[in-house]
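Below is one structure; the comments refer to it alone.
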Amino acid sequence: MRSFILRRLLLTLPVLLGVVTLVFSFIHLVPGDPVQIMLGEGAQATDVEQLRHKLGLDQPVLTQYGRYLKDVSSGDLGISFRFGEPVTAIILSRFPATLQLAMLSLAFGALLAVPTGVLAATNPGGWLDRMLTSATLLGISLPNFVSGPIAIIVFSIMLGWLPVSGRAGLAHFILPAVTLGASLSAILTRMVRAGMIEELQEEYVKTARAKGLPEIKVLLKHALKNSLIPVVTVLGLQFGTLLAGAIITETIFAWPGIGRLTVQAINSRDYPLVQGCLLVIACTYVTVNLLTDLVYGLLDPRIKYQ
């Protein structure tokens, strides 16, 4: 297991290098002159040249890339044009809000999907299975930018139960977390259902039932545990999707996280801040995938890493 962890860590390094390279290339892939875009069409030539020199864009690309790698490795992501503060400090102040929202959305999706998927799998083709399958189809088909406003209209405006925006208390977490986790819950429900149906046909489940074990123990201790392997994979992959999807959800609910910060940085043409946000989201995604790989062995001891 130690060799596997070490090997995965070493394989992660080139992935991180590729992420940094893509983020660096972002400012060079923007159509036109990025400095001119940042300052606007009416900017003076002297101001354009000063900003280009400040960003180092008047230097060769390889020189810029080397300097960017050096700065990123030391935690220096530049200075935000809009806020006039280090990008690293701004992101660190906003990232906990996004992480909390993503974790709550993940927990909501998992806690709803596992029992729902198990219920559907116990009677495949029955009325409950058909009803839950239809509900998951709706959850998958409904994007955040549709379900979010609907939730605001129903639960905030019409019923007045929950606040529309902000992050002042626990009630503020409910609507954005449910909106962000609804589609994830629908996907996981289908995976748990499919995995449980497959596992319930295995010989070890039939043996457990033949021994007289209670059905709830057969379902949860035997079948469910082995069906969670693909679910964990999706959870790891979807966590990065939640961070990306939080851009829309945070904008809808005025959530003070890194997603909304990215939108604000794009609108204000704050390229150092945009680069920093994209880099943090991508690196978080890579880290979560690494942790997902390490969880496999804990769920199923039969998996051997050579």
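Chain labels run A, B, ... following the order of the structure tokens; each chain numbers its residues from 1, and ligands are numbered from 1 in the order shown.
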key: Residue neighbourhood Leu200 of chain A, 9 Å, only C-alpha atoms, exclusion window fewer than 3 positions, as an NGL selection string   = :A and (121-122 or 195-197 or 203-206 or 218-219 or 223)
Test item: residues at most 6 Å from segment 78-85 of chain A, only C-alpha atoms, excluding those fewer than 4 positions along its chain, as a list in words =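 So the residues in contact are Asp270, Pro272 and Leu273 of chain A.
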task = Write out as a PyMOL selection string each polymer residue whose atoms come within 12 Å of segment 71-74 of chain A, counting only C-alpha atoms; drop sequence neighbours fewer than 6 positions from it.
result = chain A and resi 16-17+19-21+23-24+64-65+87-88+272+275-276+279-280+283
request  = Excluding Asp58 of chain A and any residue of its chain fewer than 6 positions from it, enumerate the residues within 12 Å of it, using only C-alpha atoms, and give them as JSON, numbers by chain.
outcome  = {"A": [33, 35, 48, 49, 50, 51, 52, 64]}
Just the selected residues (N, CA and C atoms), exported as a short mmCIF file (atom, residue, chain, number, x, y, z; two decimals), in the first residue's frame, please.
data_model
loop_
_atom_site.label_atom_id
_atom_site.label_comp_id
_atom_site.auth_asym_id
_atom_site.auth_seq_id
_atom_site.Cartn_x
_atom_site.Cartn_y
_atom_site.Cartn_z
N ASP A 33 -5.18 41.51 -27.49
CA ASP A 33 -4.20 41.89 -26.48
C ASP A 33 -4.86 41.87 -25.11
N VAL A 35 -3.82 42.89 -22.25
CA VAL A 35 -3.62 44.15 -21.54
C VAL A 35 -4.61 45.20 -22.04
N VAL A 48 -0.82 51.17 -21.29
CA VAL A 48 -0.76 49.80 -21.80
C VAL A 48 0.64 49.22 -21.64
N GLU A 49 1.63 50.02 -21.99
CA GLU A 49 3.01 49.54 -21.89
C GLU A 49 3.42 49.32 -20.43
N GLN A 50 2.97 50.19 -19.54
CA GLN A 50 3.30 50.03 -18.12
C GLN A 50 2.69 48.75 -17.55
N LEU A 51 1.43 48.48 -17.90
CA LEU A 51 0.79 47.27 -17.39
C LEU A 51 1.42 46.03 -18.01
N ARG A 52 1.76 46.09 -19.30
CA ARG A 52 2.41 44.96 -19.94
C ARG A 52 3.75 44.66 -19.27
N GLN A 64 8.62 34.14 -19.08
CA GLN A 64 7.39 34.34 -18.31
C GLN A 64 6.97 33.03 -17.64
#
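Counting only C-alpha atoms, the residue from A:Ile157, A:Leu137, A:Ala113, A:Ala43 that sits nearest to Leu228 of chain A is A:Ala113.
Closest to Leu92 of chain A among A:Val114, A:Leu138, A:Ala282, A:Cys277 is A:Cys277, based on only C-alpha atoms.
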message = Report, in Å to a single decimal, how far apart atom CA of Ile216 of chain A and atom CA of Ile187 of chain A are.
response =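 Atom CA of Ile216 of chain A lies 23.7 Å from atom CA of Ile187 of chain A.
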key: atom CA of Leu119 of chain A to atom CA of Ala194 of chain A, straight-line distance in Å   =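 Computed distance, atom CA of Ala194 of chain A to atom CA of Leu119 of chain A, equals 11.5 Å.
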ask   = In Å, with one decimal, what is the gap from atom CA of Gln238 of chain A to atom CA of Met131 of chain A?
value = 24.5 Å
query = In segment 153-259 of chain A, what's helix (DSSP H, G or I) per DSSP? Answer as an MDAnalysis selection string?
reply = chainID A and resid 153:158 171:199 203:210 215:252 258:259
Write the residues of the selection above to a file with C-alpha atoms, as a JSON list (two decimals), in the first residue's frame.
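File written: out-v3.json
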[["chain", "number", "residue", "atom", "x", "y", "z"],
["A", 153, "ILE", "CA", -39.15, 31.62, -5.77],
["A", 154, "VAL", "CA", -40.83, 28.76, -3.88],
["A", 155, "PHE", "CA", -39.00, 28.60, -0.53],
["A", 156, "SER", "CA", -37.84, 32.20, -0.14],
["A", 157, "ILE", "CA", -40.35, 34.44, -1.91],
["A", 158, "MET", "CA", -43.61, 32.45, -1.79],
["A", 171, "ALA", "CA", -30.37, 28.46, 7.11],
["A", 172, "HIS", "CA", -28.33, 30.18, 4.37],
["A", 173, "PHE", "CA", -26.64, 26.87, 3.53],
["A", 174, "ILE", "CA", -29.81, 24.91, 2.77],
["A", 175, "LEU", "CA", -30.92, 26.26, -0.62],
["A", 176, "PRO", "CA", -27.47, 26.45, -2.27],
["A", 177, "ALA", "CA", -26.42, 23.05, -0.87],
["A", 178, "VAL", "CA", -29.61, 21.34, -2.02],
["A", 179, "THR", "CA", -29.44, 23.04, -5.43],
["A", 180, "LEU", "CA", -25.83, 21.99, -5.92],
["A", 181, "GLY", "CA", -26.29, 18.47, -4.57],
["A", 182, "ALA", "CA", -29.57, 17.58, -6.30],
["A", 183, "SER", "CA", -28.06, 16.45, -9.60],
["A", 184, "LEU", "CA", -25.29, 14.60, -7.76],
["A", 185, "SER", "CA", -27.90, 12.79, -5.67],
["A", 186, "ALA", "CA", -29.75, 11.71, -8.82],
["A", 187, "ILE", "CA", -26.57, 10.30, -10.39],
["A", 188, "LEU", "CA", -25.54, 8.47, -7.20],
["A", 189, "THR", "CA", -29.01, 7.02, -6.70],
["A", 190, "ARG", "CA", -28.87, 5.36, -10.11],
["A", 191, "MET", "CA", -25.36, 4.04, -9.43],
["A", 192, "VAL", "CA", -26.27, 2.65, -6.00],
["A", 193, "ARG", "CA", -29.38, 1.02, -7.47],
["A", 194, "ALA", "CA", -27.43, -0.59, -10.32],
["A", 195, "GLY", "CA", -24.63, -1.73, -8.02],
["A", 196, "MET", "CA", -27.01, -3.18, -5.45],
["A", 197, "ILE", "CA", -29.02, -5.10, -8.06],
["A", 198, "GLU", "CA", -25.80, -6.63, -9.37],
["A", 199, "GLU", "CA", -24.44, -7.50, -5.93],
["A", 203, "GLU", "CA", -23.40, -16.11, -4.52],
["A", 204, "TYR", "CA", -22.06, -14.62, -1.28],
["A", 205, "VAL", "CA", -25.36, -12.76, -0.79],
["A", 206, "LYS", "CA", -27.33, -15.93, -1.37],
["A", 207, "THR", "CA", -25.07, -17.69, 1.13],
["A", 208, "ALA", "CA", -25.59, -14.97, 3.72],
["A", 209, "ARG", "CA", -29.34, -15.27, 3.33],
["A", 210, "ALA", "CA", -29.11, -19.06, 3.56],
["A", 215, "GLU", "CA", -32.19, -8.96, 5.43],
["A", 216, "ILE", "CA", -31.10, -5.52, 6.65],
["A", 217, "LYS", "CA", -27.68, -6.95, 7.54],
["A", 218, "VAL", "CA", -27.38, -8.66, 4.17],
["A", 219, "LEU", "CA", -28.21, -5.41, 2.38],
["A", 220, "LEU", "CA", -26.05, -3.01, 4.37],
["A", 221, "LYS", "CA", -23.07, -5.08, 5.53],
["A", 222, "HIS", "CA", -22.56, -7.27, 2.48],
["A", 223, "ALA", "CA", -24.18, -5.96, -0.70],
["A", 224, "LEU", "CA", -23.98, -2.21, -0.05],
["A", 225, "LYS", "CA", -20.33, -2.20, 0.98],
["A", 226, "ASN", "CA", -19.20, -3.90, -2.23],
["A", 227, "SER", "CA", -21.44, -1.75, -4.41],
["A", 228, "LEU", "CA", -19.90, 1.47, -3.07],
["A", 229, "ILE", "CA", -16.65, 1.17, -5.06],
["A", 230, "PRO", "CA", -17.98, 2.88, -8.22],
["A", 231, "VAL", "CA", -19.93, 5.31, -6.03],
["A", 232, "VAL", "CA", -16.74, 6.48, -4.35],
["A", 233, "THR", "CA", -15.21, 6.99, -7.79],
["A", 234, "VAL", "CA", -18.11, 9.19, -8.83],
["A", 235, "LEU", "CA", -18.01, 11.07, -5.52],
["A", 236, "GLY", "CA", -14.37, 11.92, -6.08],
["A", 237, "LEU", "CA", -14.95, 13.03, -9.65],
["A", 238, "GLN", "CA", -18.13, 14.92, -8.80],
["A", 239, "PHE", "CA", -16.43, 16.84, -6.00],
["A", 240, "GLY", "CA", -14.41, 18.67, -8.62],
["A", 241, "THR", "CA", -17.62, 19.15, -10.59],
["A", 242, "LEU", "CA", -19.23, 20.65, -7.49],
["A", 243, "LEU", "CA", -16.42, 23.19, -7.26],
["A", 244, "ALA", "CA", -16.93, 24.12, -10.89],
["A", 245, "GLY", "CA", -20.72, 24.05, -10.57],
["A", 246, "ALA", "CA", -20.45, 26.29, -7.54],
["A", 247, "ILE", "CA", -19.61, 29.15, -9.92],
["A", 248, "ILE", "CA", -23.23, 29.21, -11.09],
["A", 249, "THR", "CA", -24.80, 28.37, -7.73],
["A", 250, "GLU", "CA", -22.73, 30.91, -5.82],
["A", 251, "THR", "CA", -23.66, 33.59, -8.32],
["A", 252, "ILE", "CA", -27.38, 32.79, -7.98],
["A", 258, "ILE", "CA", -14.35, 31.19, -4.94],
["A", 259, "GLY", "CA", -16.94, 30.50, -7.67]]
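Checking A:Ala45, A:Leu99, A:Leu170, A:Leu11 one by one against Thr284 of chain A, counting only C-alpha atoms, you find the shortest gap at A:Leu99.
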